[in-house]
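Structure file run.cif; described as mmCIF, C-alpha atoms.
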```cif
data_coords
#
loop_
_atom_site.group_PDB
_atom_site.id
_atom_site.type_symbol
_atom_site.label_atom_id
_atom_site.label_comp_id
_atom_site.auth_asym_id
_atom_site.auth_seq_id
_atom_site.Cartn_x
_atom_site.Cartn_y
_atom_site.Cartn_z
ATOM 1 C CA MET A 199 0.000 0.000 0.000
ATOM 2 C CA MET A 200 1.350 3.425 -0.867
ATOM 3 C CA LEU A 201 2.236 5.563 2.134
ATOM 4 C CA LYS A 202 0.701 8.663 0.563
ATOM 5 C CA LYS A 203 -2.673 6.908 0.225
ATOM 6 C CA VAL A 204 -2.464 5.530 3.769
ATOM 7 C CA LEU A 205 -1.788 9.001 5.162
ATOM 8 C CA ARG A 206 -4.558 10.582 3.088
ATOM 9 C CA ILE A 207 -7.192 7.998 3.990
ATOM 10 C CA GLY A 208 -6.084 8.179 7.624
ATOM 11 C CA ARG A 209 -6.518 11.945 7.647
ATOM 12 C CA LEU A 210 -9.855 11.770 5.833
ATOM 13 C CA TYR A 211 -10.960 9.163 8.364
ATOM 14 C CA ASP A 212 -9.956 11.501 11.206
ATOM 15 C CA ILE A 213 -12.103 14.244 9.686
ATOM 16 C CA TYR A 214 -15.064 12.344 8.247
ATOM 17 C CA GLY A 215 -14.965 8.964 10.022
ATOM 18 C CA CYS A 216 -17.948 9.857 12.184
ATOM 19 C CA LEU A 217 -20.046 10.008 8.994
ATOM 20 C CA LEU A 218 -19.374 6.345 8.194
ATOM 21 C CA THR A 219 -21.399 3.473 9.587
ATOM 22 C CA ASP A 220 -19.894 1.687 12.584
ATOM 23 C CA LYS A 221 -18.881 -1.244 10.366
ATOM 24 C CA GLN A 222 -17.271 0.995 7.738
ATOM 25 C CA ALA A 223 -15.417 3.029 10.342
ATOM 26 C CA ASN A 224 -14.239 -0.112 12.129
ATOM 27 C CA PHE A 225 -12.898 -1.717 8.940
ATOM 28 C CA ILE A 226 -11.105 1.468 7.842
ATOM 29 C CA ASP A 227 -9.589 1.808 11.317
ATOM 30 C CA LEU A 228 -8.440 -1.821 11.404
ATOM 31 C CA TYR A 229 -7.051 -1.735 7.882
ATOM 32 C CA TYR A 230 -5.340 1.662 7.866
ATOM 33 C CA ASN A 231 -4.573 2.425 11.507
ATOM 34 C CA HIS A 232 -3.956 -1.072 12.872
ATOM 35 C CA ASP A 233 -2.463 -2.523 9.677
ATOM 36 C CA LEU A 234 -4.640 -5.644 9.650
ATOM 37 C CA SER A 235 -4.933 -7.470 6.360
ATOM 38 C CA LEU A 236 -8.231 -8.053 4.592
ATOM 39 C CA GLY A 237 -7.975 -11.716 5.561
ATOM 40 C CA GLU A 238 -7.394 -10.927 9.232
ATOM 41 C CA ILE A 239 -10.388 -8.581 9.346
ATOM 42 C CA ALA A 240 -12.533 -11.161 7.535
ATOM 43 C CA GLN A 241 -11.510 -13.925 9.910
ATOM 44 C CA ASN A 242 -12.138 -11.775 13.009
ATOM 45 C CA HIS A 243 -15.620 -10.813 11.769
ATOM 46 C CA LYS A 244 -16.448 -14.222 10.266
ATOM 47 C CA ILE A 245 -17.172 -12.803 6.820
ATOM 48 C CA SER A 246 -15.525 -13.179 3.424
ATOM 49 C CA ARG A 247 -12.375 -11.345 2.442
ATOM 50 C CA GLN A 248 -14.299 -9.966 -0.556
ATOM 51 C CA SER A 249 -16.922 -8.462 1.746
ATOM 52 C CA VAL A 250 -14.200 -6.702 3.737
ATOM 53 C CA HIS A 251 -12.595 -5.468 0.509
ATOM 54 C CA ASP A 252 -15.907 -4.141 -0.806
ATOM 55 C CA THR A 253 -16.688 -2.383 2.486
ATOM 56 C CA ILE A 254 -13.272 -0.732 2.611
ATOM 57 C CA LYS A 255 -13.454 0.387 -1.037
ATOM 58 C CA LYS A 256 -16.947 1.799 -0.508
ATOM 59 C CA SER A 257 -15.776 3.571 2.659
ATOM 60 C CA GLU A 258 -12.758 5.065 0.874
ATOM 61 C CA ALA A 259 -15.056 6.348 -1.872
ATOM 62 C CA LEU A 260 -17.373 7.889 0.706
ATOM 63 C CA LEU A 261 -14.466 9.613 2.476
ATOM 64 C CA GLU A 262 -13.190 10.993 -0.839
ATOM 65 C CA ASN A 263 -16.714 12.130 -1.752
ATOM 66 C CA TYR A 264 -17.101 13.969 1.565
ATOM 67 C CA GLU A 265 -13.763 15.689 0.941
ATOM 68 C CA LYS A 266 -14.758 16.582 -2.617
ATOM 69 C CA LYS A 267 -17.877 18.303 -1.310
ATOM 70 C CA LEU A 268 -16.653 19.823 1.954
ATOM 71 C CA ARG A 269 -12.877 20.244 1.310
ATOM 72 C CA LEU A 270 -12.055 20.232 5.048
ATOM 73 C CA TYR A 271 -8.805 18.311 4.499
ATOM 74 C CA LYS A 272 -7.704 20.707 1.767
ATOM 75 C CA LYS A 273 -8.551 23.715 3.943
ATOM 76 C CA SER A 274 -6.682 22.183 6.869
ATOM 77 C CA LYS A 275 -3.548 21.651 4.781
ATOM 78 C CA LEU A 276 -3.742 25.232 3.486
ATOM 79 C CA LYS A 277 -4.213 26.576 7.028
ATOM 80 C CA GLU A 278 -1.144 24.639 8.209
ATOM 81 C CA LYS A 279 0.927 25.923 5.285
ATOM 82 C CA LEU A 280 -0.124 29.540 5.861
ATOM 83 C CA CYS A 281 0.522 29.283 9.605
ATOM 84 C CA ARG A 282 3.991 27.843 8.970
ATOM 85 C CA SER A 283 4.789 30.697 6.584
ATOM 86 C CA CYS A 284 3.552 33.311 9.053
ATOM 87 C CA LEU A 285 5.549 31.725 11.874
ATOM 88 C CA GLU A 286 8.715 31.792 9.760
ATOM 89 C CA LYS A 287 8.184 35.462 8.880
ATOM 90 C CA LEU A 288 7.495 36.380 12.505
ATOM 91 C CA GLU A 289 10.656 34.618 13.597
ATOM 92 C CA THR A 290 12.677 36.523 11.003
ATOM 93 C CA ILE A 291 11.144 39.852 12.067
ATOM 94 C CA SER A 292 11.635 39.202 15.775
ATOM 95 C CA LYS A 293 15.345 38.493 15.220
ATOM 96 C CA SER A 294 15.918 41.787 13.431
ATOM 97 C CA GLU A 295 17.491 44.620 15.355
ATOM 98 C CA GLY A 296 15.809 47.884 16.176
ATOM 99 C CA ILE A 297 12.543 46.380 17.386
ATOM 100 C CA SER A 298 11.288 47.709 20.700
ATOM 101 C CA ASN A 299 10.517 45.356 23.572
ATOM 102 C CA GLY A 300 6.818 46.193 23.250
ATOM 103 C CA VAL A 301 6.733 45.232 19.579
ATOM 104 C CA ARG A 302 8.777 42.109 20.313
ATOM 105 C CA LYS A 303 6.218 41.107 22.977
ATOM 106 C CA HIS A 304 3.353 41.516 20.497
ATOM 107 C CA LEU A 305 5.253 39.419 17.946
ATOM 108 C CA GLU A 306 5.709 36.689 20.557
ATOM 109 C CA ASP A 307 1.982 36.788 21.343
ATOM 110 C CA VAL A 308 1.085 36.489 17.653
ATOM 111 C CA TYR A 309 3.609 33.655 17.310
ATOM 112 C CA LYS A 310 1.930 31.745 20.164
ATOM 113 C CA MET A 311 -1.527 32.285 18.663
ATOM 114 C CA LEU A 312 -0.380 30.979 15.287
ATOM 115 C CA GLU A 313 1.172 27.937 16.943
ATOM 116 C CA GLU A 314 -2.165 27.157 18.588
ATOM 117 C CA LEU A 315 -4.056 27.743 15.355
ATOM 118 C CA LYS A 316 -1.674 25.499 13.425
ATOM 119 C CA ASP A 317 -2.379 22.610 15.812
ATOM 120 C CA LEU A 318 -6.205 22.864 15.593
#
```
Conversion result in structure tokens:
Amino acid sequence: MMLKKVLRIGRLYDIYGCLLTDKQANFIDLYYNHDLSLGEIAQNHKISRQSVHDTIKKSEALLENYEKKLRLYKKSKLKEKLCRSCLEKLETISKSEGISNGVRKHLEDVYKMLEELKDL
């Protein structure tokens, strides 16, 4: 399985997993987060491997469809990128000479707020 797909589905599951049925969410969690094979999931749930495969594929499609419509993952990635850029610029500014202690304090406050925002 490609790491990029695993990370994407994992992130989409974090965002939209609550919109899946319990069975769909459980299978996605077992397959992507706990690295169980289709056969292991099938054996544990006493169903066919094909049924597990179909459920996971349907769940992946649903997650991608939710993202296509709501774009929460895309917005989250953009927010993180913008916060990182702002933090880098603030760090550069705060290191420059000629800044008063008052301005430096405000820059530190803004830096802390961006750090918190980045982690939301």
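Picked by the PyMOL selection byres ((chain A and resi 264) around 12) from the coordinates shown: A:Ile207, A:Leu210, A:Tyr211, A:Ile213, A:Tyr214, A:Gly215, A:Cys216, A:Leu217, A:Leu218, A:Ser257, A:Glu258, A:Ala259, A:Leu260, A:Leu261, A:Glu262, A:Asn263, A:Glu265, A:Lys266, A:Lys267, A:Leu268, A:Arg269, A:Leu270, A:Tyr271, A:Lys272.
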Output C-alpha atoms for every residue in that selection, as a compact mmCIF listing (two decimals), in the frame of the given file.
```txt
# COMPACT_ATOMS: atom_id res chain seq x y z
CA ILE A 207 -7.19 8.00 3.99
CA LEU A 210 -9.86 11.77 5.83
CA TYR A 211 -10.96 9.16 8.36
CA ILE A 213 -12.10 14.24 9.69
CA TYR A 214 -15.06 12.34 8.25
CA GLY A 215 -14.96 8.96 10.02
CA CYS A 216 -17.95 9.86 12.18
CA LEU A 217 -20.05 10.01 8.99
CA LEU A 218 -19.37 6.34 8.19
CA SER A 257 -15.78 3.57 2.66
CA GLU A 258 -12.76 5.07 0.87
CA ALA A 259 -15.06 6.35 -1.87
CA LEU A 260 -17.37 7.89 0.71
CA LEU A 261 -14.47 9.61 2.48
CA GLU A 262 -13.19 10.99 -0.84
CA ASN A 263 -16.71 12.13 -1.75
CA GLU A 265 -13.76 15.69 0.94
CA LYS A 266 -14.76 16.58 -2.62
CA LYS A 267 -17.88 18.30 -1.31
CA LEU A 268 -16.65 19.82 1.95
CA ARG A 269 -12.88 20.24 1.31
CA LEU A 270 -12.06 20.23 5.05
CA TYR A 271 -8.80 18.31 4.50
CA LYS A 272 -7.70 20.71 1.77
```
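Reported to one decimal place, the separation of CA of Leu201 (chain A) from CA of Leu280 (chain A) is 24.4 Å.
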Query raised in the report: What is the CA of Asp317 (chain A) to CA of Thr290 (chain A) distance in Å?
Result: 21.1 Å
**Report entry** Residues matched by the PyMOL selection byres ((chain A and resi 227-229) around 10) as number ranges by chain
**Finding:** A: 204, 207-208, 211-212, 215, 221-226, 230-236, 238-239, 250-251, 254
Kindly save the residues from that selection, with C-alpha atoms included, as a CSV table (one decimal), in the coordinates of the input.
```csv
chain,number,residue,atom,x,y,z
A,204,VAL,CA,-2.5,5.5,3.8
A,207,ILE,CA,-7.2,8.0,4.0
A,208,GLY,CA,-6.1,8.2,7.6
A,211,TYR,CA,-11.0,9.2,8.4
A,212,ASP,CA,-10.0,11.5,11.2
A,215,GLY,CA,-15.0,9.0,10.0
A,221,LYS,CA,-18.9,-1.2,10.4
A,222,GLN,CA,-17.3,1.0,7.7
A,223,ALA,CA,-15.4,3.0,10.3
A,224,ASN,CA,-14.2,-0.1,12.1
A,225,PHE,CA,-12.9,-1.7,8.9
A,226,ILE,CA,-11.1,1.5,7.8
A,230,TYR,CA,-5.3,1.7,7.9
A,231,ASN,CA,-4.6,2.4,11.5
A,232,HIS,CA,-4.0,-1.1,12.9
A,233,ASP,CA,-2.5,-2.5,9.7
A,234,LEU,CA,-4.6,-5.6,9.6
A,235,SER,CA,-4.9,-7.5,6.4
A,236,LEU,CA,-8.2,-8.1,4.6
A,238,GLU,CA,-7.4,-10.9,9.2
A,239,ILE,CA,-10.4,-8.6,9.3
A,250,VAL,CA,-14.2,-6.7,3.7
A,251,HIS,CA,-12.6,-5.5,0.5
A,254,ILE,CA,-13.3,-0.7,2.6
```
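CA of Ile297 (chain A) to CA of Lys310 (chain A) spans 18.3 Å [interatomic distance, one decimal].
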Query raised in the report: Written as a PyMOL selection string, which residues does the PyMOL selection byres ((chain A and resi 313) around 12) give for the file shown?
Result: chain A and resi 277-286+288+306-312+314-318
To test the calculation: enclose all listed atoms of region 300-305 of chain A in a box whose edges run along x, y and z, add 4 Å on each side, then state centre and edge lengths in Å to one decimal, as AutoDock Vina command-line options.
```
--center_x 6.1 --center_y 42.8 --center_z 20.6 --size_x 13.4 --size_y 14.8 --size_z 13.3
```
For region 270-283 of chain A, where the input has fewer atoms than it should, I would like N, CA and C atoms rebuilt and written as a short mmCIF file (atom, residue, chain, number, x, y, z; two decimals), keeping the file's coordinate frame.
```cif
data_model
loop_
_atom_site.label_atom_id
_atom_site.label_comp_id
_atom_site.auth_asym_id
_atom_site.auth_seq_id
_atom_site.Cartn_x
_atom_site.Cartn_y
_atom_site.Cartn_z
N LEU A 270 -12.62 19.93 3.73
CA LEU A 270 -12.06 20.23 5.05
C LEU A 270 -10.58 19.85 5.13
N TYR A 271 -10.21 18.74 4.51
CA TYR A 271 -8.80 18.31 4.50
C TYR A 271 -7.94 19.32 3.73
N LYS A 272 -8.43 19.73 2.58
CA LYS A 272 -7.70 20.71 1.77
C LYS A 272 -7.54 22.03 2.52
N LYS A 273 -8.61 22.47 3.17
CA LYS A 273 -8.55 23.72 3.94
C LYS A 273 -7.60 23.59 5.12
N SER A 274 -7.58 22.43 5.73
CA SER A 274 -6.68 22.18 6.87
C SER A 274 -5.22 22.24 6.43
N LYS A 275 -4.93 21.62 5.30
CA LYS A 275 -3.55 21.65 4.78
C LYS A 275 -3.13 23.08 4.43
N LEU A 276 -4.03 23.84 3.83
CA LEU A 276 -3.74 25.23 3.49
C LEU A 276 -3.51 26.06 4.74
N LYS A 277 -4.36 25.86 5.76
CA LYS A 277 -4.21 26.58 7.03
C LYS A 277 -2.84 26.28 7.65
N GLU A 278 -2.45 25.02 7.66
CA GLU A 278 -1.14 24.64 8.21
C GLU A 278 0.00 25.31 7.44
N LYS A 279 -0.11 25.31 6.12
CA LYS A 279 0.93 25.92 5.28
C LYS A 279 1.03 27.42 5.55
N LEU A 280 -0.12 28.10 5.60
CA LEU A 280 -0.12 29.54 5.86
C LEU A 280 0.41 29.86 7.26
N CYS A 281 0.02 29.07 8.24
CA CYS A 281 0.52 29.28 9.60
C CYS A 281 2.03 29.11 9.66
N ARG A 282 2.54 28.07 9.01
CA ARG A 282 3.99 27.84 8.97
C ARG A 282 4.71 29.03 8.35
N SER A 283 4.18 29.54 7.25
CA SER A 283 4.79 30.70 6.58
C SER A 283 4.78 31.92 7.49
#
```
